[in-house]
>>> print(open('input06.pdb').read())   # PDB, C-alpha atoms
ATOM      1  CA  MET A   1      -2.411 -15.635  29.150
ATOM      2  CA  THR A   2      -0.333 -15.562  25.969
ATOM      3  CA  PHE A   3      -1.212 -13.413  22.984
ATOM      4  CA  SER A   4       0.130 -13.904  19.502
ATOM      5  CA  PRO A   5       2.112 -10.821  18.495
ATOM      6  CA  ARG A   6       1.905 -11.826  14.853
ATOM      7  CA  ILE A   7      -1.916 -11.848  14.832
ATOM      8  CA  LEU A   8      -2.021  -8.541  16.706
ATOM      9  CA  ALA A   9       0.465  -7.004  14.251
ATOM     10  CA  TRP A  10      -1.611  -8.163  11.254
ATOM     11  CA  ILE A  11      -4.772  -6.689  12.791
ATOM     12  CA  LEU A  12      -2.972  -3.350  13.191
ATOM     13  CA  LEU A  13      -1.611  -3.568   9.622
ATOM     14  CA  THR A  14      -5.142  -4.220   8.311
ATOM     15  CA  VAL A  15      -6.382  -1.060  10.046
ATOM     16  CA  LEU A  16      -3.416   0.839   8.585
ATOM     17  CA  ALA A  17      -4.360  -0.477   5.126
ATOM     18  CA  LEU A  18      -7.805   1.080   5.589
ATOM     19  CA  TYR A  19      -6.163   4.421   6.401
ATOM     20  CA  ALA A  20      -4.024   4.041   3.263
ATOM     21  CA  ILE A  21      -7.041   3.206   1.077
ATOM     22  CA  THR A  22      -8.825   6.334   2.360
ATOM     23  CA  GLY A  23      -6.010   8.315   0.719
ATOM     24  CA  PHE A  24      -7.300   7.341  -2.725
ATOM     25  CA  PHE A  25     -10.267   9.678  -2.185
ATOM     26  CA  VAL A  26      -8.013  12.739  -1.772
ATOM     27  CA  ARG A  27      -7.776  15.450  -4.432
ATOM     28  CA  PRO A  28      -5.247  18.318  -4.826
ATOM     29  CA  TYR A  29      -6.350  21.159  -2.565
ATOM     30  CA  ALA A  30      -5.341  24.751  -1.686
ATOM     31  CA  ASP A  31      -1.494  24.971  -1.752
ATOM     32  CA  ASP A  32      -1.380  21.869  -3.973
ATOM     33  CA  GLN A  33      -3.296  23.744  -6.694
ATOM     34  CA  TRP A  34      -1.098  26.792  -6.206
ATOM     35  CA  PHE A  35       2.090  24.768  -6.729
ATOM     36  CA  ILE A  36       0.685  23.070  -9.846
ATOM     37  CA  GLN A  37       0.130  26.536 -11.294
ATOM     38  CA  ILE A  38       3.612  27.787 -10.296
ATOM     39  CA  ALA A  39       5.272  24.690 -11.756
ATOM     40  CA  ARG A  40       3.726  25.489 -15.153
ATOM     41  CA  GLU A  41       5.162  29.010 -15.147
ATOM     42  CA  THR A  42       8.531  28.914 -13.382
ATOM     43  CA  ASN A  43      10.922  26.951 -11.142
ATOM     44  CA  PRO A  44       8.913  26.507  -7.917
ATOM     45  CA  ILE A  45      11.966  26.108  -5.637
ATOM     46  CA  VAL A  46      13.521  29.403  -6.774
ATOM     47  CA  GLN A  47      10.173  31.191  -6.849
ATOM     48  CA  GLN A  48       9.311  30.080  -3.304
ATOM     49  CA  TYR A  49      12.815  30.842  -2.018
ATOM     50  CA  TYR A  50      12.578  34.462  -3.142
ATOM     51  CA  THR A  51       8.903  35.148  -2.437
ATOM     52  CA  TRP A  52       7.582  32.928   0.359
ATOM     53  CA  HIS A  53      10.009  30.756   2.370
ATOM     54  CA  GLY A  54      13.285  28.881   2.121
ATOM     55  CA  ARG A  55      12.018  25.329   2.677
ATOM     56  CA  TYR A  56      13.686  23.856  -0.391
ATOM     57  CA  GLY A  57      12.798  20.237   0.478
ATOM     58  CA  TYR A  58       9.132  21.127   0.786
ATOM     59  CA  SER A  59       9.226  23.148  -2.449
ATOM     60  CA  PHE A  60      10.918  20.225  -4.221
ATOM     61  CA  PHE A  61       8.198  17.735  -3.235
ATOM     62  CA  MET A  62       5.405  20.250  -3.879
ATOM     63  CA  GLY A  63       6.708  21.910  -7.024
ATOM     64  CA  MET A  64       8.775  19.253  -8.754
ATOM     65  CA  ILE A  65       7.283  15.871  -7.752
ATOM     66  CA  MET A  66       3.573  16.540  -7.280
ATOM     67  CA  PRO A  67       2.922  18.482 -10.549
ATOM     68  CA  LEU A  68       4.168  15.466 -12.565
ATOM     69  CA  ALA A  69       0.839  13.708 -11.874
ATOM     70  CA  PRO A  70      -1.040  15.773  -9.267
ATOM     71  CA  THR A  71      -4.060  13.596  -8.532
ATOM     72  CA  PHE A  72      -2.086  10.356  -8.595
ATOM     73  CA  VAL A  73       0.647  11.720  -6.316
ATOM     74  CA  VAL A  74      -1.716  13.137  -3.686
ATOM     75  CA  GLN A  75      -3.739   9.918  -3.709
ATOM     76  CA  ILE A  76      -0.771   7.581  -3.405
ATOM     77  CA  ALA A  77       1.093   9.740  -0.856
ATOM     78  CA  PRO A  78      -0.808   8.598   2.295
ATOM     79  CA  ALA A  79      -0.250   4.921   1.413
ATOM     80  CA  ALA A  80       3.422   5.636   0.666
ATOM     81  CA  PHE A  81       3.868   7.552   3.925
ATOM     82  CA  ILE A  82       2.251   4.768   5.960
ATOM     83  CA  THR A  83       4.454   2.167   4.234
ATOM     84  CA  PHE A  84       7.636   4.167   4.790
ATOM     85  CA  MET A  85       6.710   4.897   8.417
ATOM     86  CA  VAL A  86       6.065   1.222   9.188
ATOM     87  CA  LEU A  87       9.304   0.220   7.423
ATOM     88  CA  ALA A  88      11.371   2.925   9.147
ATOM     89  CA  PHE A  89       9.963   2.176  12.600
ATOM     90  CA  TYR A  90      10.342  -1.560  11.921
ATOM     91  CA  HIS A  91      14.064  -1.208  11.261
ATOM     92  CA  VAL A  92      14.534   1.092  14.260
ATOM     93  CA  ALA A  93      12.471  -1.168  16.553
ATOM     94  CA  LYS A  94      14.365  -4.258  15.344
ATOM     95  CA  ARG A  95      17.355  -3.044  17.340
ATOM     96  CA  PHE A  96      15.431  -2.702  20.597
ATOM     97  CA  VAL A  97      12.409  -5.020  20.787
ATOM     98  CA  ALA A  98      11.679  -8.627  19.945
ATOM     99  CA  ASN A  99       8.451  -7.885  18.032
ATOM    100  CA  PRO A 100       9.441  -5.059  15.677
ATOM    101  CA  LEU A 101       6.471  -5.514  13.319
ATOM    102  CA  LEU A 102       4.035  -5.156  16.208
ATOM    103  CA  ALA A 103       5.899  -2.126  17.533
ATOM    104  CA  SER A 104       6.141  -0.374  14.156
ATOM    105  CA  SER A 105       2.526  -0.989  13.143
ATOM    106  CA  GLY A 106       1.316   0.006  16.639
ATOM    107  CA  ILE A 107       3.331   3.236  16.687
ATOM    108  CA  THR A 108       2.209   4.203  13.165
ATOM    109  CA  LEU A 109      -1.447   3.527  13.940
ATOM    110  CA  ALA A 110      -1.272   5.337  17.294
ATOM    111  CA  PHE A 111       0.348   8.307  15.525
ATOM    112  CA  LEU A 112      -2.440   8.501  12.922
ATOM    113  CA  VAL A 113      -5.188   8.185  15.524
ATOM    114  CA  SER A 114      -3.538  10.740  17.815
ATOM    115  CA  LEU A 115      -3.428  13.498  15.181
ATOM    116  CA  PRO A 116      -5.784  16.339  16.163
ATOM    117  CA  ASN A 117      -6.868  16.737  12.520
ATOM    118  CA  ILE A 118      -5.830  13.822  10.335
ATOM    119  CA  TRP A 119      -7.015  15.475   7.126
ATOM    120  CA  GLN A 120      -4.908  18.558   7.716
ATOM    121  CA  SER A 121      -1.827  16.743   9.027
ATOM    122  CA  PHE A 122      -1.760  13.599   6.952
ATOM    123  CA  TYR A 123      -4.111  13.409   3.972
ATOM    124  CA  TRP A 124      -3.538  16.945   2.710
ATOM    125  CA  TYR A 125      -0.375  16.576   0.609
ATOM    126  CA  GLY A 126       0.643  20.217   1.062
ATOM    127  CA  SER A 127       0.828  19.759   4.810
ATOM    128  CA  SER A 128       2.040  16.177   5.114
ATOM    129  CA  VAL A 129       5.060  16.917   2.916
ATOM    130  CA  ASN A 130       6.113  19.563   5.421
ATOM    131  CA  TYR A 131       5.475  17.584   8.602
ATOM    132  CA  VAL A 132       5.411  13.847   7.837
ATOM    133  CA  VAL A 133       8.155  13.518   5.190
ATOM    134  CA  PRO A 134      10.916  14.978   7.440
ATOM    135  CA  LEU A 135       9.905  12.583  10.228
ATOM    136  CA  ILE A 136      10.367   9.643   7.857
ATOM    137  CA  LEU A 137      13.662  11.133   6.640
ATOM    138  CA  VAL A 138      14.910  11.502  10.235
ATOM    139  CA  ALA A 139      14.306   7.789  10.798
ATOM    140  CA  ALA A 140      15.969   6.935   7.465
ATOM    141  CA  VAL A 141      19.069   9.035   8.220
ATOM    142  CA  LEU A 142      19.356   7.528  11.722
ATOM    143  CA  LEU A 143      19.100   4.023  10.274
ATOM    144  CA  TRP A 144      21.801   4.860   7.764
ATOM    145  CA  LEU A 145      24.017   6.182  10.560
ATOM    146  CA  TRP A 146      23.408   3.078  12.684
ATOM    147  CA  ARG A 147      24.474   0.645   9.935
TER     148      ARG A 147
ATOM    149  CA  MET B 148      35.276  11.399   3.140
ATOM    150  CA  ALA B 149      32.685  10.389   0.554
ATOM    151  CA  LEU B 150      30.582   8.808   3.288
ATOM    152  CA  ALA B 151      30.809  11.956   5.413
ATOM    153  CA  LEU B 152      29.670  14.015   2.422
ATOM    154  CA  GLY B 153      26.774  11.603   1.935
ATOM    155  CA  TYR B 154      25.675  12.053   5.550
ATOM    156  CA  ALA B 155      26.041  15.816   5.254
ATOM    157  CA  ALA B 156      23.893  15.729   2.102
ATOM    158  CA  ALA B 157      21.253  13.650   3.906
ATOM    159  CA  GLY B 158      21.271  16.143   6.789
ATOM    160  CA  PHE B 159      20.998  19.005   4.322
ATOM    161  CA  LEU B 160      17.977  17.423   2.636
ATOM    162  CA  LEU B 161      16.377  16.877   6.040
ATOM    163  CA  ALA B 162      16.683  20.565   6.957
ATOM    164  CA  GLY B 163      14.689  21.703   3.919
ATOM    165  CA  PHE B 164      11.315  21.134   5.544
ATOM    166  CA  SER B 165       9.731  22.447   8.733
ATOM    167  CA  GLU B 166      11.858  24.837  10.813
ATOM    168  CA  ALA B 167      10.494  23.159  13.929
ATOM    169  CA  ILE B 168      12.057  19.766  13.189
ATOM    170  CA  SER B 169      15.626  20.555  12.047
ATOM    171  CA  PRO B 170      16.896  22.001  15.396
ATOM    172  CA  LEU B 171      15.526  18.935  17.210
ATOM    173  CA  VAL B 172      17.414  16.700  14.778
ATOM    174  CA  CYS B 173      20.588  18.685  15.560
ATOM    175  CA  VAL B 174      20.123  18.058  19.286
ATOM    176  CA  LEU B 175      19.479  14.359  18.620
ATOM    177  CA  LEU B 176      22.618  14.070  16.466
ATOM    178  CA  VAL B 177      24.749  15.809  19.115
ATOM    179  CA  ILE B 178      23.462  13.418  21.824
ATOM    180  CA  MET B 179      24.201  10.426  19.599
ATOM    181  CA  TRP B 180      27.646  11.721  18.717
ATOM    182  CA  TYR B 181      28.366  12.246  22.431
ATOM    183  CA  ARG B 182      27.360   8.663  23.197
ATOM    184  CA  SER B 183      29.150   6.988  20.275
ATOM    185  CA  ARG B 184      31.898   9.476  19.331
ATOM    186  CA  ASN B 185      31.180   8.591  15.704
ATOM    187  CA  ARG B 186      32.130  11.583  13.566
ATOM    188  CA  MET B 187      29.524  10.708  10.956
ATOM    189  CA  TYR B 188      26.883  12.143  13.306
ATOM    190  CA  LEU B 189      28.759  15.428  13.198
ATOM    191  CA  ALA B 190      28.888  15.276   9.387
ATOM    192  CA  ALA B 191      25.112  14.861   9.271
ATOM    193  CA  MET B 192      24.737  17.687  11.800
ATOM    194  CA  ILE B 193      26.866  20.021   9.676
ATOM    195  CA  GLY B 194      24.533  19.290   6.751
ATOM    196  CA  VAL B 195      21.506  20.083   8.912
ATOM    197  CA  VAL B 196      23.078  23.342  10.167
ATOM    198  CA  ILE B 197      23.911  24.479   6.613
ATOM    199  CA  GLY B 198      20.332  23.648   5.624
ATOM    200  CA  ILE B 199      18.919  25.624   8.562
ATOM    201  CA  LEU B 200      21.037  28.639   7.589
ATOM    202  CA  ILE B 201      19.846  28.461   3.965
ATOM    203  CA  VAL B 202      16.210  28.197   5.081
ATOM    204  CA  ALA B 203      16.590  30.994   7.648
ATOM    205  CA  THR B 204      18.287  33.436   5.276
ATOM    206  CA  ALA B 205      15.853  32.995   2.374
ATOM    207  CA  PRO B 206      14.763  36.383   0.980
ATOM    208  CA  GLY B 207      11.195  35.079   0.844
ATOM    209  CA  ASN B 208      10.975  34.936   4.651
ATOM    210  CA  SER B 209      10.752  38.724   4.958
ATOM    211  CA  VAL B 210       8.209  38.908   2.124
ATOM    212  CA  ARG B 211       6.081  36.313   3.924
ATOM    213  CA  ALA B 212       6.527  37.977   7.314
ATOM    214  CA  HIS B 213       4.917  41.155   5.954
ATOM    215  CA  LEU B 214       1.798  39.203   4.996
ATOM    216  CA  LEU B 215       1.474  37.406   8.341
ATOM    217  CA  PRO B 216       0.286  38.932  11.638
ATOM    218  CA  PRO B 217       3.090  40.876  13.362
ATOM    219  CA  ARG B 218       5.279  38.766  15.646
ATOM    220  CA  THR B 219       4.460  38.938  19.327
ATOM    221  CA  ASP B 220       7.308  39.265  21.818
ATOM    222  CA  ILE B 221       8.837  36.074  23.169
ATOM    223  CA  MET B 222       7.212  36.293  26.624
ATOM    224  CA  LYS B 223       3.726  36.604  25.155
ATOM    225  CA  ALA B 224       4.506  33.710  22.810
ATOM    226  CA  VAL B 225       5.628  31.598  25.798
ATOM    227  CA  THR B 226       2.367  32.392  27.625
ATOM    228  CA  ARG B 227       0.385  31.378  24.547
ATOM    229  CA  LEU B 228       2.522  28.270  24.244
ATOM    230  CA  GLN B 229       1.612  27.145  27.785
ATOM    231  CA  LYS B 230      -2.073  27.449  26.901
ATOM    232  CA  ALA B 231      -1.559  25.629  23.579
ATOM    233  CA  MET B 232       0.358  22.816  25.295
ATOM    234  CA  LEU B 233      -2.375  22.313  27.880
ATOM    235  CA  GLN B 234      -5.063  22.347  25.176
ATOM    236  CA  PHE B 235      -3.107  19.874  23.053
ATOM    237  CA  LEU B 236      -2.404  17.471  25.919
ATOM    238  CA  GLY B 237      -5.988  17.787  27.232
ATOM    239  CA  ASN B 238      -7.358  17.069  23.772
ATOM    240  CA  GLU B 239      -5.065  14.072  23.368
ATOM    241  CA  VAL B 240      -5.897  12.620  26.790
ATOM    242  CA  PHE B 241      -9.662  13.090  26.556
ATOM    243  CA  ASN B 242     -10.330  12.745  22.814
ATOM    244  CA  ARG B 243      -7.489  10.523  21.615
ATOM    245  CA  THR B 244      -7.381   8.104  24.549
ATOM    246  CA  PRO B 245      -7.319   4.902  22.408
ATOM    247  CA  ALA B 246      -4.227   6.106  20.528
ATOM    248  CA  LEU B 247      -2.345   6.891  23.721
ATOM    249  CA  LEU B 248      -3.343   3.575  25.300
ATOM    250  CA  LEU B 249      -2.332   1.719  22.136
ATOM    251  CA  ALA B 250       1.109   3.360  22.128
ATOM    252  CA  PHE B 251       1.650   2.595  25.823
ATOM    253  CA  PHE B 252       0.446  -1.012  25.712
ATOM    254  CA  ILE B 253       2.313  -1.869  22.512
ATOM    255  CA  GLY B 254       5.456  -0.733  24.333
ATOM    256  CA  TYR B 255       4.403  -2.527  27.503
ATOM    257  CA  LEU B 256       3.733  -5.782  25.665
ATOM    258  CA  SER B 257       6.903  -5.706  23.533
ATOM    259  CA  PRO B 258       9.721  -7.648  25.132
ATOM    260  CA  PRO B 259      12.876  -5.532  24.912
ATOM    261  CA  LYS B 260      15.902  -7.101  23.240
ATOM    262  CA  ILE B 261      18.282  -5.129  25.367
ATOM    263  CA  THR B 262      18.614  -5.032  29.128
ATOM    264  CA  ILE B 263      17.289  -1.739  30.389
ATOM    265  CA  ILE B 264      18.914  -0.573  33.590
ATOM    266  CA  HIS B 265      17.906   2.518  35.594
ATOM    267  CA  ARG B 266      14.341   2.345  34.250
ATOM    268  CA  ARG B 267      13.029   4.979  36.638
ATOM    269  CA  LEU B 268      15.857   7.345  35.791
ATOM    270  CA  TRP B 269      15.188   6.972  32.046
ATOM    271  CA  ALA B 270      11.476   7.510  32.637
ATOM    272  CA  ALA B 271      12.266  10.598  34.724
ATOM    273  CA  ILE B 272      14.417  11.962  31.870
ATOM    274  CA  LEU B 273      11.967  10.946  29.128
ATOM    275  CA  VAL B 274       8.929  12.822  30.426
ATOM    276  CA  PRO B 275      10.422  16.353  30.682
ATOM    277  CA  ALA B 276      12.554  15.818  27.547
ATOM    278  CA  SER B 277       9.552  14.860  25.418
ATOM    279  CA  LEU B 278       7.478  17.715  26.865
ATOM    280  CA  ALA B 279      10.279  20.137  25.989
ATOM    281  CA  ALA B 280      10.536  18.721  22.448
ATOM    282  CA  MET B 281       6.755  18.984  21.992
ATOM    283  CA  ALA B 282       6.782  22.557  23.284
ATOM    284  CA  PHE B 283       9.577  23.472  20.866
ATOM    285  CA  THR B 284       7.718  22.114  17.828
ATOM    286  CA  MET B 285       4.717  24.234  18.801
ATOM    287  CA  PHE B 286       6.679  27.331  19.729
ATOM    288  CA  VAL B 287       8.350  27.767  16.326
ATOM    289  CA  PRO B 288       5.135  28.168  14.284
ATOM    290  CA  LEU B 289       3.500  30.088  17.149
ATOM    291  CA  TYR B 290       6.312  32.635  17.125
ATOM    292  CA  LEU B 291       7.050  32.743  13.385
ATOM    293  CA  ALA B 292       3.496  32.579  12.035
ATOM    294  CA  GLY B 293       1.679  34.144  14.980
ATOM    295  CA  GLY B 294      -0.672  31.219  15.580
ATOM    296  CA  LEU B 295      -1.120  27.477  15.602
ATOM    297  CA  GLU B 296      -3.088  25.442  13.085
ATOM    298  CA  GLN B 297      -3.979  21.850  13.880
ATOM    299  CA  ARG B 298      -1.342  20.590  11.426
ATOM    300  CA  HIS B 299       1.353  22.203  13.579
ATOM    301  CA  PHE B 300       0.710  19.493  16.191
ATOM    302  CA  THR B 301       1.836  16.680  13.851
ATOM    303  CA  THR B 302       5.383  16.380  15.209
ATOM    304  CA  ALA B 303       4.182  16.810  18.789
ATOM    305  CA  SER B 304       1.723  13.937  18.261
ATOM    306  CA  LEU B 305       4.519  11.644  17.090
ATOM    307  CA  ILE B 306       6.751  12.650  20.010
ATOM    308  CA  LEU B 307       3.866  11.922  22.411
ATOM    309  CA  VAL B 308       3.233   8.497  20.853
ATOM    310  CA  LEU B 309       6.934   7.570  20.863
ATOM    311  CA  SER B 310       7.286   8.719  24.478
ATOM    312  CA  LEU B 311       4.322   6.627  25.592
ATOM    313  CA  PHE B 312       5.672   3.625  23.680
ATOM    314  CA  THR B 313       9.048   4.046  25.407
ATOM    315  CA  LEU B 314       7.354   4.583  28.763
ATOM    316  CA  GLY B 315       5.416   1.337  28.197
ATOM    317  CA  LEU B 316       8.698  -0.400  27.389
ATOM    318  CA  LEU B 317      10.248   0.958  30.593
ATOM    319  CA  CYS B 318       7.237  -0.046  32.705
ATOM    320  CA  ALA B 319       7.037  -3.493  31.115
ATOM    321  CA  GLY B 320       6.126  -6.361  33.359
ATOM    322  CA  SER B 321       3.754  -9.283  32.980
ATOM    323  CA  PRO B 322       1.779 -10.272  30.985
ATOM    324  CA  ARG B 323       4.185 -10.255  28.036
ATOM    325  CA  LEU B 324       3.730 -11.311  24.478
ATOM    326  CA  SER B 325       5.638 -14.357  23.420
ATOM    327  CA  SER B 326       8.634 -13.259  21.365
ATOM    328  CA  SER B 327       8.173 -15.882  18.681
ATOM    329  CA  SER B 328       6.986 -13.577  15.910
TER     330      SER B 328
END
>>> encode(input="input06.pdb", output="structure tokens")
Amino acid sequence: MTFSPRILAWILLTVLALYAITGFFVRPYADDQWFIQIARETNPIVQQYYTWHGRYGYSFFMGMIMPLAPTFVVQIAPAAFITFMVLAFYHVAKRFVANPLLASSGITLAFLVSLPNIWQSFYWYGSSVNYVVPLILVAAVLLWLWR
Amino acid sequence: MALALGYAAAGFLLAGFSEAISPLVCVLLVIMWYRSRNRMYLAAMIGVVIGILIVATAPGNSVRAHLLPPRTDIMKAVTRLQKAMLQFLGNEVFNRTPALLLAFFIGYLSPPKITIIHRRLWAAILVPASLAAMAFTMFVPLYLAGGLEQRHFTTASLILVLSLFTLGLLCAGSPRLSSSS
């Protein structure tokens, strides 16, 4: 029995699109609100470095990017993360398997479904910046190194 | 030189997030450097190490530590880690079965482009290595913050999915998908 990998990949991408659309119902929450307030008063990276933790990459995304348009950024972030994950895994998988689109969409969907609490890990901007963004960056740096 | 600086900068940027991920990236870069002997991996690793040092020596860490529950000793943290690992894996196996099956079968059904030799050996290395990586990502917040929130399992979830995908790839047999995508 032969399956079409292209059809299977498009089914998985459609499900991923639904996950991305769900992100448009997200609003800034908890730490997101806190960073919006800090960004109005001071430099969030310096403030966080001296009073909370040294994660400068996290503070940059939370304090410099998100406050530019808080609601828009937190709503678009899940769709952006899904897109970047599929693209990153696609380019990594292209080196190893014959159906990279199927592999990348399958891995991304399996990752989202496997999360113990998808709201906390993925849809909440304050958390996903800390845990999802570096995973995408790891893949991007590896791809750059493999050129 | 400029390229090496670029890789170091990328590694530095990467280290500015979760403390649980950067050391794993260092290990990954060392393995890749060992296999390829490409010095650019070392340049990226130097960037990651500098980033880790900057994150670890931030004055805010001690301020934060005073507001969090006191740190338990390492042995107690390891005992709690074993429990957390079992709970996480149990939850994944019993409550997230479709995701794990999807990861495995997508790997199983994807024809590899490269010839994989010593499949059993790779599988035997993959399982303990991924368990160790998952344990590390849980141990760091458990030790530093005194407890685990569900978001702390994010990296472990991805490692689990990638391991099952790779395991599927290693176990691949028939039926296969046609490779004409």
>>> interface_residues(input="input06.pdb", of="chain B", to="chain A", cutoff="8 Å", atoms="all atoms listed in the file", output="JSON, numbers by chain")
{"B": [154, 157, 158, 160, 161, 162, 163, 164, 165, 168, 172, 187, 188, 201, 202, 203, 204, 205, 206, 207, 208, 210, 211, 238, 239, 243, 245, 246, 247, 249, 250, 253, 254, 257, 258, 259, 260, 261, 297, 298, 299, 300, 301, 302, 304, 305, 308, 309, 312, 322, 323, 324, 325, 326, 327, 328]}
>>> resolve_selection(input="input06.pdb", expression="the PyMOL selection byres ((chain A and resi 66) around 10)", output="ChimeraX atom specification")
/A:28,32-33,35-36,39,59-65,67-74,77,125-126
>>> atom_distance(input="input06.pdb", atom1="CA of Ile11 in chain A", atom2="CA of Phe241 in chain B")
24.6 Å
>>> atom_distance(input="input06.pdb", atom1="CA of Leu233 in chain B", atom2="CA of Ala212 in chain B")
27.3 Å
>>> resolve_selection(input="input06.pdb", expression="the PyMOL selection byres ((chain B and resi 291) around 9)", output="PyMOL selection string")
chain B and resi 212+215+218-219+286-290+292-294
>>> resolve_selection(input="input06.pdb", expression="the PyMOL selection byres ((chain A and resi 82) around 9)", output="list in words")
Leu16, Ala17, Tyr19, Ala20, Ala77, Pro78, Ala79, Ala80, Phe81, Thr83, Phe84, Met85, Val86, Leu87, Thr108 and Leu109 of chain A
>>> closest_residue(input="input06.pdb", among="B:Val174, B:Leu311, B:Ile306, B:Leu268", to="Leu248 in chain B", atoms="only C-alpha atoms")
B:Leu311
>>> residues_around(input="input06.pdb", residues="Val177 in chain B", least_positions_apart="5", cutoff="10 Å", atoms="only C-alpha atoms", output="list in words")
Leu171, Val172, Arg182, Ser183, Arg184, Tyr188, Leu189, Ala191 and Met192 of chain B
>>> residues_around(input="input06.pdb", residues="Leu278 in chain B", least_positions_apart="5", cutoff="10 Å", atoms="only C-alpha atoms", output="list in words")
Met232, Leu236, Leu273, Phe283, Ala303, Ile306, Leu307 and Ser310 of chain B
>>> residues_around(input="input06.pdb", residues="Leu143 in chain A", least_positions_apart="6", cutoff="9 Å", atoms="all atoms listed in the file", output="list in words")
Ala88, His91 and Val92 of chain A
>>> atom_distance(input="input06.pdb", atom1="CA of Tyr255 in chain B", atom2="CA of Leu317 in chain B")
7.5 Å
>>> axis_aligned_box(input="input06.pdb", around="range 66-85 of chain A", padding_each_side="4 Å", output="lines of an AutoDock Vina configuration file")
center_x = 1.8
center_y = 10.3
center_z = -2.1
size_x = 19.7
size_y = 24.3
size_z = 29.0
>>> decode(input="input06.pdb", residues="range 30-48 of chain A", atoms="N, CA and C atoms", output="PDB file, in the first residue's frame")
ATOM      1  N   ALA A  30       0.263  38.145  32.762  1.00  0.00           N
ATOM      2  CA  ALA A  30       1.269  38.008  33.827  1.00  0.00           C
ATOM      3  C   ALA A  30       2.586  38.739  33.475  1.00  0.00           C
ATOM      4  N   ASP A  31       3.672  38.001  33.258  1.00  0.00           N
ATOM      5  CA  ASP A  31       4.984  38.612  32.998  1.00  0.00           C
ATOM      6  C   ASP A  31       4.942  39.555  31.792  1.00  0.00           C
ATOM      7  N   ASP A  32       4.083  39.253  30.827  1.00  0.00           N
ATOM      8  CA  ASP A  32       3.965  40.126  29.646  1.00  0.00           C
ATOM      9  C   ASP A  32       3.573  41.541  30.090  1.00  0.00           C
ATOM     10  N   GLN A  33       2.559  41.611  30.961  1.00  0.00           N
ATOM     11  CA  GLN A  33       2.095  42.912  31.471  1.00  0.00           C
ATOM     12  C   GLN A  33       3.201  43.614  32.249  1.00  0.00           C
ATOM     13  N   TRP A  34       3.924  42.829  33.023  1.00  0.00           N
ATOM     14  CA  TRP A  34       5.001  43.362  33.860  1.00  0.00           C
ATOM     15  C   TRP A  34       6.077  44.002  32.983  1.00  0.00           C
ATOM     16  N   PHE A  35       6.436  43.322  31.892  1.00  0.00           N
ATOM     17  CA  PHE A  35       7.475  43.852  31.001  1.00  0.00           C
ATOM     18  C   PHE A  35       6.990  45.092  30.250  1.00  0.00           C
ATOM     19  N   ILE A  36       5.714  45.139  29.911  1.00  0.00           N
ATOM     20  CA  ILE A  36       5.177  46.336  29.232  1.00  0.00           C
ATOM     21  C   ILE A  36       5.360  47.550  30.146  1.00  0.00           C
ATOM     22  N   GLN A  37       5.074  47.319  31.429  1.00  0.00           N
ATOM     23  CA  GLN A  37       5.209  48.397  32.421  1.00  0.00           C
ATOM     24  C   GLN A  37       6.678  48.818  32.586  1.00  0.00           C
ATOM     25  N   ILE A  38       7.571  47.828  32.686  1.00  0.00           N
ATOM     26  CA  ILE A  38       9.008  48.139  32.850  1.00  0.00           C
ATOM     27  C   ILE A  38       9.529  48.918  31.638  1.00  0.00           C
ATOM     28  N   ALA A  39       9.098  48.480  30.443  1.00  0.00           N
ATOM     29  CA  ALA A  39       9.602  49.116  29.220  1.00  0.00           C
ATOM     30  C   ALA A  39       9.228  50.595  29.153  1.00  0.00           C
ATOM     31  N   ARG A  40       8.122  50.968  29.816  1.00  0.00           N
ATOM     32  CA  ARG A  40       7.711  52.377  29.810  1.00  0.00           C
ATOM     33  C   ARG A  40       8.634  53.209  30.703  1.00  0.00           C
ATOM     34  N   GLU A  41       9.169  52.559  31.750  1.00  0.00           N
ATOM     35  CA  GLU A  41       9.916  53.298  32.769  1.00  0.00           C
ATOM     36  C   GLU A  41      11.432  53.275  32.579  1.00  0.00           C
ATOM     37  N   THR A  42      11.962  52.131  32.125  1.00  0.00           N
ATOM     38  CA  THR A  42      13.425  51.999  32.081  1.00  0.00           C
ATOM     39  C   THR A  42      13.843  51.015  30.983  1.00  0.00           C
ATOM     40  N   ASN A  43      15.154  50.722  30.922  1.00  0.00           N
ATOM     41  CA  ASN A  43      15.643  49.722  29.963  1.00  0.00           C
ATOM     42  C   ASN A  43      15.415  48.332  30.568  1.00  0.00           C
ATOM     43  N   PRO A  44      14.549  47.531  29.998  1.00  0.00           N
ATOM     44  CA  PRO A  44      14.193  46.244  30.628  1.00  0.00           C
ATOM     45  C   PRO A  44      15.369  45.272  30.745  1.00  0.00           C
ATOM     46  N   ILE A  45      16.307  45.306  29.778  1.00  0.00           N
ATOM     47  CA  ILE A  45      17.420  44.342  29.825  1.00  0.00           C
ATOM     48  C   ILE A  45      18.306  44.649  31.035  1.00  0.00           C
ATOM     49  N   VAL A  46      18.628  45.938  31.209  1.00  0.00           N
ATOM     50  CA  VAL A  46      19.483  46.338  32.342  1.00  0.00           C
ATOM     51  C   VAL A  46      18.736  46.102  33.660  1.00  0.00           C
ATOM     52  N   GLN A  47      17.482  46.499  33.689  1.00  0.00           N
ATOM     53  CA  GLN A  47      16.694  46.357  34.918  1.00  0.00           C
ATOM     54  C   GLN A  47      16.616  44.902  35.345  1.00  0.00           C
ATOM     55  N   GLN A  48      16.345  44.001  34.386  1.00  0.00           N
ATOM     56  CA  GLN A  48      16.238  42.577  34.699  1.00  0.00           C
ATOM     57  C   GLN A  48      17.594  42.000  35.097  1.00  0.00           C
TER      58      GLN A  48
END
